[in-house]
Each structure stands twice: as C-alpha cells, then as structure tokens.
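Engineer: mmCIF, C-alpha atoms (C1' of nucleotides), file my_file31.cif:
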```cif
data_final
loop_
_atom_site.group_PDB
_atom_site.id
_atom_site.type_symbol
_atom_site.label_atom_id
_atom_site.label_comp_id
_atom_site.auth_asym_id
_atom_site.auth_seq_id
_atom_site.Cartn_x
_atom_site.Cartn_y
_atom_site.Cartn_z
ATOM 1 C CA MET A 5 3.706 2.246 1.901
ATOM 2 C CA PRO A 6 0.125 2.627 2.224
ATOM 3 C CA GLU A 7 -2.457 0.169 3.288
ATOM 4 C CA LEU A 8 -5.908 1.110 4.401
ATOM 5 C CA PRO A 9 -4.910 2.897 7.638
ATOM 6 C CA GLU A 10 -2.319 5.031 5.886
ATOM 7 C CA VAL A 11 -4.731 5.947 3.083
ATOM 8 C CA GLU A 12 -7.437 6.798 5.593
ATOM 9 C CA THR A 13 -4.935 8.957 7.489
ATOM 10 C CA VAL A 14 -4.166 10.796 4.271
ATOM 11 C CA ARG A 15 -7.873 11.228 3.541
ATOM 12 C CA ARG A 16 -8.477 12.763 6.939
ATOM 13 C CA GLY A 17 -5.570 15.108 6.435
ATOM 14 C CA LEU A 18 -6.681 16.247 2.994
ATOM 15 C CA GLU A 19 -10.370 16.591 3.699
ATOM 16 C CA PRO A 20 -10.254 19.930 5.570
ATOM 17 C CA VAL A 21 -8.364 21.694 2.769
ATOM 18 C CA MET A 22 -9.855 19.865 -0.227
ATOM 19 C CA ALA A 23 -13.541 19.379 0.509
ATOM 20 C CA GLY A 24 -15.424 22.431 -0.689
ATOM 21 C CA ALA A 25 -12.346 23.969 -2.322
ATOM 22 C CA ARG A 26 -11.693 24.649 -6.003
ATOM 23 C CA PHE A 27 -8.643 23.716 -8.034
ATOM 24 C CA ILE A 28 -7.157 27.107 -8.964
ATOM 25 C CA ARG A 29 -4.085 25.731 -10.708
ATOM 26 C CA VAL A 30 -2.694 22.235 -11.173
ATOM 27 C CA GLU A 31 0.984 21.542 -11.850
ATOM 28 C CA GLN A 32 1.588 18.212 -13.518
ATOM 29 C CA ARG A 33 5.341 17.741 -13.718
ATOM 30 C CA ARG A 34 5.626 14.552 -15.698
ATOM 31 C CA ALA A 35 3.573 12.611 -18.224
ATOM 32 C CA ASP A 36 3.030 9.475 -16.186
ATOM 33 C CA LEU A 37 3.245 7.744 -12.864
ATOM 34 C CA ARG A 38 2.280 4.078 -12.943
ATOM 35 C CA PHE A 39 -0.035 5.000 -15.825
ATOM 36 C CA PRO A 40 -0.075 8.043 -18.087
ATOM 37 C CA PHE A 41 -2.033 10.921 -16.603
ATOM 38 C CA PRO A 42 -5.437 11.493 -18.208
ATOM 39 C CA GLU A 43 -5.490 13.722 -21.291
ATOM 40 C CA ASN A 44 -5.595 17.398 -20.311
ATOM 41 C CA PHE A 45 -5.418 16.410 -16.675
ATOM 42 C CA ALA A 46 -4.616 19.825 -15.254
ATOM 43 C CA ALA A 47 -7.106 21.669 -17.460
ATOM 44 C CA ARG A 48 -9.905 19.283 -16.554
ATOM 45 C CA LEU A 49 -9.309 19.867 -12.855
ATOM 46 C CA GLU A 50 -8.819 23.624 -12.896
ATOM 47 C CA GLY A 51 -11.995 25.425 -11.925
ATOM 48 C CA ARG A 52 -13.609 22.291 -10.526
ATOM 49 C CA ARG A 53 -14.845 22.191 -6.964
ATOM 50 C CA VAL A 54 -14.300 19.172 -4.698
ATOM 51 C CA GLU A 55 -17.611 18.105 -3.236
ATOM 52 C CA ALA A 56 -16.342 15.310 -1.043
ATOM 53 C CA LEU A 57 -13.236 13.252 -0.362
ATOM 54 C CA SER A 58 -13.770 9.570 0.277
ATOM 55 C CA ARG A 59 -11.844 6.321 0.441
ATOM 56 C CA ARG A 60 -12.549 2.828 -0.791
ATOM 57 C CA ALA A 61 -9.947 0.190 0.063
ATOM 58 C CA LYS A 62 -6.619 1.888 -0.765
ATOM 59 C CA TYR A 63 -8.127 4.341 -3.255
ATOM 60 C CA LEU A 64 -8.924 7.983 -2.629
ATOM 61 C CA PHE A 65 -11.842 9.597 -4.470
ATOM 62 C CA ALA A 66 -12.394 13.311 -4.888
ATOM 63 C CA ASP A 67 -15.947 13.869 -6.134
ATOM 64 C CA LEU A 68 -15.944 16.892 -8.441
ATOM 65 C CA ASP A 69 -18.749 19.281 -9.290
ATOM 66 C CA ASP A 70 -18.953 18.162 -12.932
ATOM 67 C CA ALA A 71 -19.994 14.617 -12.006
ATOM 68 C CA SER A 72 -16.485 13.300 -12.461
ATOM 69 C CA VAL A 73 -14.245 11.664 -9.891
ATOM 70 C CA LEU A 74 -10.527 12.130 -9.367
ATOM 71 C CA VAL A 75 -9.186 8.716 -8.359
ATOM 72 C CA MET A 76 -5.863 8.642 -6.542
ATOM 73 C CA HIS A 77 -3.759 5.680 -5.478
ATOM 74 C CA LEU A 78 -0.513 6.015 -3.545
ATOM 75 C CA GLY A 79 1.146 2.837 -4.788
ATOM 76 C CA MET A 80 4.063 1.851 -2.561
ATOM 77 C CA SER A 81 5.666 5.197 -1.878
ATOM 78 C CA GLY A 82 3.154 7.961 -2.565
ATOM 79 C CA SER A 83 2.397 10.747 -0.109
ATOM 80 C CA PHE A 84 0.616 14.069 -0.027
ATOM 81 C CA ARG A 85 1.976 17.141 1.689
ATOM 82 C CA ILE A 86 -0.034 20.234 2.463
ATOM 83 C CA ASP A 87 1.652 23.609 2.410
ATOM 84 C CA GLU A 88 -0.414 26.559 3.443
ATOM 85 C CA ALA A 89 0.449 29.276 0.940
ATOM 86 C CA ILE A 90 1.290 32.136 3.289
ATOM 87 C CA GLN A 91 2.119 35.237 1.241
ATOM 88 C CA GLY A 92 4.654 33.277 -0.756
ATOM 89 C CA ALA A 93 6.826 33.002 2.290
ATOM 90 C CA PHE A 94 6.977 29.252 2.313
ATOM 91 C CA HIS A 95 10.353 27.900 1.366
ATOM 92 C CA HIS A 96 10.672 24.443 -0.092
ATOM 93 C CA PRO A 97 13.964 22.884 0.925
ATOM 94 C CA ARG A 98 15.994 21.591 -1.996
ATOM 95 C CA SER A 99 16.053 17.929 -1.224
ATOM 96 C CA LYS A 100 16.188 14.624 -2.984
ATOM 97 C CA ARG A 101 12.621 14.242 -1.882
ATOM 98 C CA ALA A 102 11.515 17.281 -3.867
ATOM 99 C CA ALA A 103 12.738 15.601 -7.046
ATOM 100 C CA HIS A 104 9.749 13.300 -6.724
ATOM 101 C CA ASP A 105 7.125 15.993 -6.294
ATOM 102 C CA HIS A 106 5.060 15.075 -9.347
ATOM 103 C CA VAL A 107 1.792 16.961 -8.945
ATOM 104 C CA VAL A 108 0.818 20.133 -7.099
ATOM 105 C CA PHE A 109 -2.799 21.154 -6.521
ATOM 106 C CA HIS A 110 -3.235 24.856 -5.769
ATOM 107 C CA LEU A 111 -6.605 25.200 -4.109
ATOM 108 C CA SER A 112 -8.993 28.007 -3.339
ATOM 109 C CA SER A 113 -8.642 27.092 0.333
ATOM 110 C CA GLY A 114 -5.154 28.587 0.122
ATOM 111 C CA ALA A 115 -3.454 25.222 0.397
ATOM 112 C CA ALA A 116 -0.926 23.784 -2.007
ATOM 113 C CA ILE A 117 -1.104 20.004 -1.992
ATOM 114 C CA THR A 118 1.949 18.213 -3.348
ATOM 115 C CA TYR A 119 1.924 14.595 -4.418
ATOM 116 C CA ASN A 120 5.325 12.959 -3.920
ATOM 117 C CA ASP A 121 6.069 9.425 -5.092
ATOM 118 C CA PRO A 122 9.668 8.195 -5.530
ATOM 119 C CA ARG A 123 8.785 4.823 -6.970
ATOM 120 C CA ARG A 124 5.879 6.107 -9.056
ATOM 121 C CA PHE A 125 3.668 3.083 -8.500
ATOM 122 C CA GLY A 126 0.838 5.426 -7.640
ATOM 123 C CA PHE A 127 -1.535 6.927 -10.184
ATOM 124 C CA MET A 128 -4.334 9.410 -10.774
ATOM 125 C CA ARG A 129 -7.344 8.886 -13.008
ATOM 126 C CA LEU A 130 -10.390 10.933 -13.948
ATOM 127 C CA LEU A 131 -13.645 9.042 -14.421
ATOM 128 C CA ALA A 132 -17.266 9.961 -14.858
ATOM 129 C CA ARG A 133 -18.990 9.222 -11.576
ATOM 130 C CA ALA A 134 -21.505 7.072 -13.454
ATOM 131 C CA ASP A 135 -18.714 4.864 -14.795
ATOM 132 C CA LEU A 136 -17.002 4.254 -11.484
ATOM 133 C CA ALA A 137 -18.874 1.172 -10.314
ATOM 134 C CA ALA A 138 -18.442 -0.670 -13.598
ATOM 135 C CA ASP A 139 -14.760 0.203 -14.015
ATOM 136 C CA PRO A 140 -12.631 -2.965 -13.947
ATOM 137 C CA MET A 141 -10.460 -1.431 -11.248
ATOM 138 C CA PHE A 142 -13.396 -1.222 -8.830
ATOM 139 C CA ALA A 143 -16.024 -3.691 -10.033
ATOM 140 C CA GLY A 144 -14.256 -6.664 -8.494
ATOM 141 C CA LEU A 145 -13.195 -5.115 -5.201
ATOM 142 C CA GLY A 146 -13.927 -7.149 -2.104
ATOM 143 C CA ILE A 147 -15.628 -6.079 1.095
ATOM 144 C CA GLU A 148 -14.494 -3.036 3.051
ATOM 145 C CA PRO A 149 -12.810 -4.344 6.217
ATOM 146 C CA LEU A 150 -13.905 -1.415 8.386
ATOM 147 C CA GLY A 151 -17.479 -1.620 7.113
ATOM 148 C CA ASN A 152 -20.304 -3.645 8.538
ATOM 149 C CA GLU A 153 -19.855 -6.625 6.244
ATOM 150 C CA LEU A 154 -16.754 -8.068 7.858
ATOM 151 C CA ASP A 155 -17.429 -10.724 10.480
ATOM 152 C CA GLY A 156 -16.716 -14.420 10.963
ATOM 153 C CA ALA A 157 -19.623 -15.411 8.747
ATOM 154 C CA ALA A 158 -18.377 -13.196 5.926
ATOM 155 C CA LEU A 159 -14.907 -14.722 6.139
ATOM 156 C CA ALA A 160 -16.438 -18.206 6.099
ATOM 157 C CA ARG A 161 -18.389 -17.320 2.975
ATOM 158 C CA LEU A 162 -15.374 -15.814 1.239
ATOM 159 C CA PHE A 163 -12.948 -18.564 2.197
ATOM 160 C CA ALA A 164 -15.160 -21.656 1.817
ATOM 161 C CA GLY A 165 -13.472 -24.342 -0.247
ATOM 162 C CA ARG A 166 -10.260 -22.393 -0.731
ATOM 163 C CA THR A 167 -7.006 -24.227 -0.251
ATOM 164 C CA THR A 168 -4.957 -21.087 -0.716
ATOM 165 C CA PRO A 169 -2.992 -20.006 2.382
ATOM 166 C CA LEU A 170 -4.618 -17.439 4.666
ATOM 167 C CA LYS A 171 -1.839 -14.997 3.848
ATOM 168 C CA ALA A 172 -2.673 -15.003 0.139
ATOM 169 C CA ALA A 173 -6.418 -14.956 0.735
ATOM 170 C CA LEU A 174 -6.185 -11.901 2.987
ATOM 171 C CA LEU A 175 -3.990 -10.039 0.494
ATOM 172 C CA ASP A 176 -6.468 -10.761 -2.320
ATOM 173 C CA GLN A 177 -8.253 -7.445 -2.879
ATOM 174 C CA ARG A 178 -11.132 -9.272 -4.603
ATOM 175 C CA LEU A 179 -12.096 -10.820 -1.265
ATOM 176 C CA ILE A 180 -11.278 -8.124 1.295
ATOM 177 C CA ALA A 181 -10.063 -4.811 -0.072
ATOM 178 C CA GLY A 182 -7.581 -2.681 1.835
ATOM 179 C CA LEU A 183 -5.279 -5.058 3.669
ATOM 180 C CA GLY A 184 -1.612 -5.256 2.724
ATOM 181 C CA ASN A 185 1.403 -7.122 3.965
ATOM 182 C CA ILE A 186 1.784 -5.396 7.317
ATOM 183 C CA TYR A 187 -1.765 -5.637 8.577
ATOM 184 C CA VAL A 188 -2.248 -9.180 7.312
ATOM 185 C CA CYS A 189 0.773 -10.264 9.355
ATOM 186 C CA GLU A 190 -0.439 -8.363 12.390
ATOM 187 C CA ALA A 191 -4.048 -9.584 12.179
ATOM 188 C CA LEU A 192 -3.006 -13.221 11.818
ATOM 189 C CA HIS A 193 -0.795 -12.955 14.873
ATOM 190 C CA ARG A 194 -3.552 -11.383 16.932
ATOM 191 C CA ALA A 195 -5.918 -14.142 15.818
ATOM 192 C CA GLY A 196 -3.425 -16.924 16.595
ATOM 193 C CA LEU A 197 -3.599 -18.238 13.031
ATOM 194 C CA SER A 198 -0.705 -19.374 10.863
ATOM 195 C CA PRO A 199 -0.336 -17.534 7.555
ATOM 196 C CA GLN A 200 0.169 -20.979 6.012
ATOM 197 C CA ARG A 201 -3.163 -22.359 7.182
ATOM 198 C CA ALA A 202 -5.594 -23.023 4.337
ATOM 199 C CA ALA A 203 -8.219 -20.306 4.114
ATOM 200 C CA GLY A 204 -10.949 -22.929 3.808
ATOM 201 C CA ALA A 205 -9.979 -24.310 7.217
ATOM 202 C CA LEU A 206 -11.843 -21.390 8.825
ATOM 203 C CA VAL A 207 -15.115 -22.948 7.717
ATOM 204 C CA SER A 208 -16.761 -25.891 9.462
ATOM 205 C CA LYS A 209 -18.098 -28.867 7.514
ATOM 206 C CA ALA A 210 -21.545 -27.397 7.950
ATOM 207 C CA GLY A 211 -20.347 -24.192 6.327
ATOM 208 C CA GLN A 212 -20.321 -22.254 9.569
ATOM 209 C CA PRO A 213 -17.496 -19.946 10.628
ATOM 210 C CA THR A 214 -15.046 -21.524 13.071
ATOM 211 C CA ALA A 215 -13.858 -19.783 16.222
ATOM 212 C CA GLY A 216 -10.741 -18.872 14.258
ATOM 213 C CA ALA A 217 -12.827 -17.096 11.640
ATOM 214 C CA ALA A 218 -14.502 -14.980 14.273
ATOM 215 C CA ARG A 219 -11.158 -14.195 15.905
ATOM 216 C CA LEU A 220 -9.653 -13.231 12.577
ATOM 217 C CA ALA A 221 -12.503 -10.916 11.625
ATOM 218 C CA ALA A 222 -12.245 -9.206 15.008
ATOM 219 C CA ALA A 223 -8.449 -9.000 14.758
ATOM 220 C CA ILE A 224 -8.562 -7.382 11.317
ATOM 221 C CA ARG A 225 -10.991 -4.749 12.489
ATOM 222 C CA GLU A 226 -9.086 -4.141 15.708
ATOM 223 C CA VAL A 227 -5.656 -3.750 14.138
ATOM 224 C CA LEU A 228 -6.963 -1.436 11.421
ATOM 225 C CA GLU A 229 -8.829 0.741 13.900
ATOM 226 C CA GLU A 230 -5.803 1.015 16.155
ATOM 227 C CA ALA A 231 -3.597 1.859 13.187
ATOM 228 C CA VAL A 232 -5.959 4.550 11.919
ATOM 229 C CA ALA A 233 -6.039 6.040 15.407
ATOM 230 C CA ALA A 234 -2.224 6.096 15.383
ATOM 231 C CA GLY A 235 -2.050 7.903 12.045
ATOM 232 C CA GLY A 236 -0.882 4.787 10.229
ATOM 233 C CA SER A 237 2.544 3.191 10.147
ATOM 234 C CA SER A 238 5.594 5.123 8.942
ATOM 235 C CA ILE A 239 8.304 2.778 7.807
ATOM 236 C CA SER A 240 10.136 4.969 5.361
ATOM 237 C CA ASP A 241 7.783 6.870 3.077
ATOM 238 C CA HIS A 242 4.474 7.306 4.794
ATOM 239 C CA ARG A 243 3.866 10.785 6.088
ATOM 240 C CA ARG A 244 0.745 12.366 7.319
ATOM 241 C CA THR A 245 -0.270 15.328 5.193
ATOM 242 C CA ASP A 246 1.195 17.681 7.794
ATOM 243 C CA GLY A 247 4.562 15.936 7.409
ATOM 244 C CA GLU A 248 4.314 14.183 10.754
ATOM 245 C CA LEU A 249 4.960 10.466 11.028
ATOM 246 C CA GLY A 250 2.380 7.882 11.925
ATOM 247 C CA TYR A 251 3.368 5.859 14.929
ATOM 248 C CA PHE A 252 1.668 2.488 14.609
ATOM 249 C CA GLN A 253 4.998 0.928 13.539
ATOM 250 C CA HIS A 254 5.937 0.957 17.225
ATOM 251 C CA ALA A 255 2.972 -1.299 17.908
ATOM 252 C CA PHE A 256 3.950 -4.010 15.433
ATOM 253 C CA ARG A 257 3.934 -7.394 17.129
ATOM 254 C CA VAL A 258 5.526 -9.401 14.322
ATOM 255 C CA TYR A 259 5.959 -7.325 11.160
ATOM 256 C CA ASP A 260 9.674 -6.751 10.463
ATOM 257 C CA ARG A 261 10.551 -8.317 13.829
ATOM 258 C CA GLU A 262 12.291 -11.471 12.677
ATOM 259 C CA ALA A 263 14.098 -13.267 15.533
ATOM 260 C CA ALA A 264 12.415 -11.151 18.206
ATOM 261 C CA PRO A 265 10.617 -12.942 21.037
ATOM 262 C CA CYS A 266 6.925 -13.441 20.377
ATOM 263 C CA PRO A 267 4.995 -10.726 22.234
ATOM 264 C CA THR A 268 2.077 -12.992 23.075
ATOM 265 C CA PRO A 269 1.932 -13.242 26.890
ATOM 266 C CA GLY A 270 3.293 -16.593 28.024
ATOM 267 C CA CYS A 271 4.465 -17.593 24.542
ATOM 268 C CA ARG A 272 8.115 -18.604 24.306
ATOM 269 C CA GLY A 273 8.202 -18.516 20.514
ATOM 270 C CA ILE A 274 10.426 -16.480 18.220
ATOM 271 C CA VAL A 275 9.147 -14.434 15.306
ATOM 272 C CA ARG A 276 10.048 -16.091 12.028
ATOM 273 C CA ARG A 277 10.131 -14.780 8.480
ATOM 274 C CA ILE A 278 9.029 -16.913 5.554
ATOM 275 C CA VAL A 279 8.218 -15.978 1.965
ATOM 276 C CA GLN A 280 4.709 -16.493 0.602
ATOM 277 C CA SER A 281 3.501 -15.175 -2.731
ATOM 278 C CA GLY A 282 6.887 -13.527 -3.046
ATOM 279 C CA ARG A 283 6.396 -11.436 0.068
ATOM 280 C CA SER A 284 7.654 -11.714 3.622
ATOM 281 C CA SER A 285 5.360 -13.241 6.208
ATOM 282 C CA PHE A 286 6.281 -12.655 9.834
ATOM 283 C CA TYR A 287 4.706 -14.963 12.376
ATOM 284 C CA CYS A 288 5.217 -17.055 15.480
ATOM 285 C CA ALA A 289 5.015 -20.774 14.813
ATOM 286 C CA GLU A 290 4.292 -21.425 18.520
ATOM 287 C CA CYS A 291 1.102 -19.459 19.005
ATOM 288 C CA GLN A 292 -0.058 -19.152 15.393
ATOM 289 C CA THR A 293 -1.386 -22.511 14.296
ATOM 290 C "C1'" DA B 214 -8.590 -22.571 -9.848
ATOM 291 C "C1'" DC B 215 -4.207 -21.690 -7.832
ATOM 292 C "C1'" DA B 216 0.731 -20.516 -6.827
ATOM 293 C "C1'" DC B 217 4.550 -18.477 -8.027
ATOM 294 C "C1'" DT B 218 7.447 -15.066 -10.855
ATOM 295 C "C1'" DA B 219 8.541 -10.991 -13.069
ATOM 296 C "C1'" DT B 220 7.515 -6.227 -13.656
ATOM 297 C "C1'" DC B 221 6.950 -1.248 -13.027
ATOM 298 C "C1'" DC B 222 10.703 2.382 -10.064
ATOM 299 C "C1'" DT B 223 13.755 4.450 -6.568
ATOM 300 C "C1'" DG B 224 16.047 4.343 -2.130
ATOM 301 C "C1'" DC B 225 18.268 2.225 1.456
ATOM 302 C "C1'" DA B 226 20.728 -1.171 4.298
ATOM 303 C "C1'" DG B 227 24.186 -4.520 4.516
ATOM 304 C "C1'" DG B 228 28.302 -7.044 2.897
ATOM 305 C "C1'" DC B 229 32.775 -6.644 1.039
ATOM 306 C "C1'" DT C 73 34.517 5.819 -0.107
ATOM 307 C "C1'" DG C 74 32.057 2.865 -3.604
ATOM 308 C "C1'" DC C 75 29.956 -1.107 -5.752
ATOM 309 C "C1'" DC C 76 26.923 -4.855 -5.535
ATOM 310 C "C1'" DT C 77 22.812 -7.428 -3.969
ATOM 311 C "C1'" DG C 78 18.465 -7.789 -2.023
ATOM 312 C "C1'" DC C 79 14.537 -5.910 -0.132
ATOM 313 C "C1'" DA C 80 10.458 -2.596 0.508
ATOM 314 C "C1'" DG C 81 3.710 -0.696 2.219
ATOM 315 C "C1'" DG C 82 0.878 -2.485 -4.366
ATOM 316 C "C1'" DA C 83 -1.181 -4.568 -8.220
ATOM 317 C "C1'" DT C 84 -1.125 -6.894 -12.591
ATOM 318 C "C1'" DA C 85 0.179 -9.962 -16.369
ATOM 319 C "C1'" DG C 86 1.999 -14.146 -17.538
ATOM 320 C "C1'" DT C 87 3.613 -18.945 -16.565
ATOM 321 C "C1'" DG C 88 3.077 -23.767 -15.182
#
```
Let's see the structure in the file written out as structure tokens.
Structural biologist:
Amino acid sequence: MPELPEVETVRRGLEPVMAGARFIRVEQRRADLRFPFPENFAARLEGRRVEALSRRAKYLFADLDDASVLVMHLGMSGSFRIDEAIQGAFHHPRSKRAAHDHVVFHLSSGAAITYNDPRRFGFMRLLARADLAADPMFAGLGIEPLGNELDGAALARLFAGRTTPLKAALLDQRLIAGLGNIYVCEALHRAGLSPQRAAGALVSKAGQPTAGAARLAAAIREVLEEAVAAGGSSISDHRRTDGELGYFQHAFRVYDREAAPCPTPGCRGIVRRIVQSGRSSFYCAECQT
DNA sequence: ACACTATCCTGCAGGC
DNA sequence: TGCCTGCAGGATAGTG
C-alpha cells in the first residue's frame, strides 16, 4: 500500500495519541513479520514514553525516552487503527481482517493502536538513536522528496550519466526516498515524461537540468502534496488511523487506468500499461515523451 | 553498473 | 459454487 503520502497520513493520525504517551502494555501476537521482532520487544517498549513521531521516506520513527527508536514500516499492506478504550465498551468485530492484527499498543493516552498487516511485508525494529544514521537500512537513503533538496538541479545531479529508465530511477530509494509505483506513474504523467526515457536525458551536455528535470521535480512535489492533503490513496488496504479511506485514488490520472482516455487537456492518447522492473507502468505515449 | 527475476505473504478479481 | 492464474502500494538478494 503505502508510499510516502500514505505513511505521512498514518503519522499524522498516530501523533496525537502517541506523542507524549507511554506504552502501558504491548501485545505481540506472532514472532515475526517480514523480520523477527526484536528480542523482548514488548518488554522493551512497556513503560517507555514516546517523545516524538516522525517519518523518513516510508519509515515511521517513534523516538523513545531511553534514547532508542521504534522503527516501523508498513510494507505493502500494513495499517494502524486507533481504538479509544472507552470503559471496555469497544467491540471488535470478528472479521478476516482481525486475523491479521499482529501488534497492539496500549497507551497511557487511553488509545489502543493495532497494527494490521495481511501480507506481513512490514516490520518493526528497535535501535539505539545513536545507531540510526549508520544503520544499513537508512545510511543509503536518498533525498526526501518533500524536503528542500528536491529541485531540477538535484534531479540532474542524481540522474547524470544514468541510462536506466526514469521509472526505475524514481523508484530507487537510494536516489529519492519515498516514491513508489503509484506516485512515480502520476508524477511522470504530470511532467510529460515517458517512464522509458533514460534518466540521464534530463541533464544537458553542460550538466545543467533540462526543462523536463524542472517539470519532474515540481510534479513530484505537487502530486505528493496533493496526495497527503487527500489522506493518501486507498486502493485496498490503506486506511487512515481512524478507519476512514484516503481519497487520492479518485485523482489518479494514469495509475490503474489502462485503456482510459488520457486526461491531459487536448491530448487524444490512451493510457497504456507496460511492465518495467517487473512492475506496471501506466502512461500516455502521446503526451509523455 | 545495470536490468531483470524471484522471493517473502495473503487477498482478490477474472476466466472457466 | 470452486479452482486456477495473475496481480497488488515494498525492498532485497541473486542472476546474467
């Protein structure tokens, strides 16, 4: 599910009940997700206070009061649900969905936060804050697309000399961290660039960003900001922490719209689907060149 | 260096 | 109704 906008939506939902709260009790219902849980996971969390909840790329970080960090990744199908514990009156419906409730955080704020993940590609880790930057998982992460670093010049620097297709370059978390299949497709369409174009073609011979590079940087920022404002995209699994759906999926111009007319004004193209790096690319061959 | 594949896992849609 | 295939928002390891 979750690319940067969905993870940021989750962060904003969790922050009011997690930041400043203590873990009173932690239920860990299985030994592993994508990776084994840390040793004594529940015991190491219980009693700890969350100082802040932040996001980097598609990772969530809960800074704890013992100088450790709880790292959470939602994989493809992870979600968090917040239940306010009201005098034990809350009833959890017996559903297939509940079978994939793997972790429950009971917090001093009175909230119970349940992590659900059918495919179990998500994970949780506990790291010393001092070790975070050097950890292999984070040391090589690329620039944050909603931060100040992303502009045409940054793309030119990252893509210079690369023959790899734009689609693959934009999915590469070592270059830009946080984009996934949906928002890469959407950003390329907004920028009028083919996913098959060589990444290095966005750099002039003098090493300067082309007009396409500037358009792409602006398109990435724009589509992510709009998606965050919409609460992310809910295709099948993504839920906001209050259980509501995001609604950016209604604003998709090309993603999962094979054979639909291209939405670009005046364009008579049809959205096509091709496979790159084993994943679907949706684009319009008429206006994306 | 790069591109593609398989892999982890479950659910769902579509074809028959 | 069921069985089968393929596909899905991520990320990594391994191959050529």
Engineer: Decode the PyMOL selection byres ((chain C and resi 82-85) around 6) for the given file into explicit residues and return them as a list in words.
Structural biologist: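 After applying the PyMOL selection byres ((chain C and resi 82-85) around 6), what remains is Gly79 and Met80 of chain A; DG86 of chain C.
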Engineer: Would you translate the PyMOL selection byres ((chain A) within 8 of (chain B)) into the concrete set of residues it matches in this file, as a ChimeraX atom specification?
Structural biologist: /A:38,122-125,168,281-282
Engineer: Quick one: contact table of chain A to chain C, 10 Å max, nearest atom pair and distance in Å to one decimal per residue, counting all atoms listed in the file, chain and number order, as CSV?
Structural biologist:
```
residue,atom,partner,partner_atom,distance
A:Met5,CA,C:DG81,C1',3.0
A:Pro6,CA,C:DG81,C1',4.9
A:Glu7,CA,C:DG81,C1',6.3
A:Glu10,CA,C:DG81,C1',9.1
A:Lys62,CA,C:DG82,C1',9.4
A:His77,CA,C:DG82,C1',9.5
A:Leu78,CA,C:DG82,C1',8.7
A:Gly79,CA,C:DG82,C1',5.3
A:Met80,CA,C:DG81,C1',5.4
A:Ser81,CA,C:DG81,C1',7.4
A:Gly82,CA,C:DG81,C1',9.9
A:Phe125,CA,C:DG82,C1',7.5
A:Gly126,CA,C:DG82,C1',8.6
A:Gln177,CA,C:DA83,C1',9.3
A:Gly184,CA,C:DG81,C1',7.0
A:Asn185,CA,C:DG81,C1',7.0
A:Ile186,CA,C:DG81,C1',7.2
A:Tyr187,CA,C:DG81,C1',9.7
A:Ser237,CA,C:DG81,C1',8.9
A:Ser238,CA,C:DG81,C1',9.1
A:Ile239,CA,C:DG81,C1',8.0
A:Ser240,CA,C:DA80,C1',9.0
A:Asp241,CA,C:DG81,C1',8.6
A:His242,CA,C:DG81,C1',8.4
A:Arg283,CA,C:DA80,C1',9.7
A:Ser284,CA,C:DC79,C1',9.8
```
Engineer: Just the number, please: distance in Å from atom CA of A:Gln253 to atom CA of A:Gly235, one decimal.
Structural biologist: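 Between these atoms lies a distance of 10.0 Å.
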Engineer: When you draw a straight line from atom CA of A:Leu206 to atom CA of A:Leu159, how long is it in Å?
Structural biologist: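 Atom CA of A:Leu159 lies at a distance of 7.8 Å from atom CA of A:Leu206.
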Engineer: Each side padded by 6 Å, which centre and which edge lengths in Å (one decimal) define the axis-aligned box around the listed atoms of stretch 280-285 of chain A? Give them as AutoDock Vina command-line options.
Structural biologist:
```
--center_x 5.6 --center_y -14.0 --center_z 1.6 --size_x 16.2 --size_y 17.1 --size_z 21.3
```
Engineer: Mind pulling up the distance from atom CA of A:Ile28 to atom CA of A:Val108?
Structural biologist: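 Atom CA of A:Val108 sits 10.8 Å away from atom CA of A:Ile28.
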Engineer: Can you list what the PyMOL selection byres ((chain A and resi 61) around 9) grabs from this structure, as a list in words?
Structural biologist: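 Listing what the PyMOL selection byres ((chain A and resi 61) around 9) selects in the shown file: Glu7, Leu8, Val11, Glu12, Arg59, Arg60, Lys62, Tyr63, Leu64, Leu145, Gly146, Ile147, Glu148, Pro149, Gln177, Ile180, Ala181, Gly182 and Leu183 of chain A.
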Engineer: Calculated over only C-alpha atoms, which of the candidates A:Asp70, A:Cys291, A:Leu220, A:Asn44 has the smallest distance to A:Ala134?
Structural biologist: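 Looking at the shortest contact to A:Ala134, the residue is A:Asp70.
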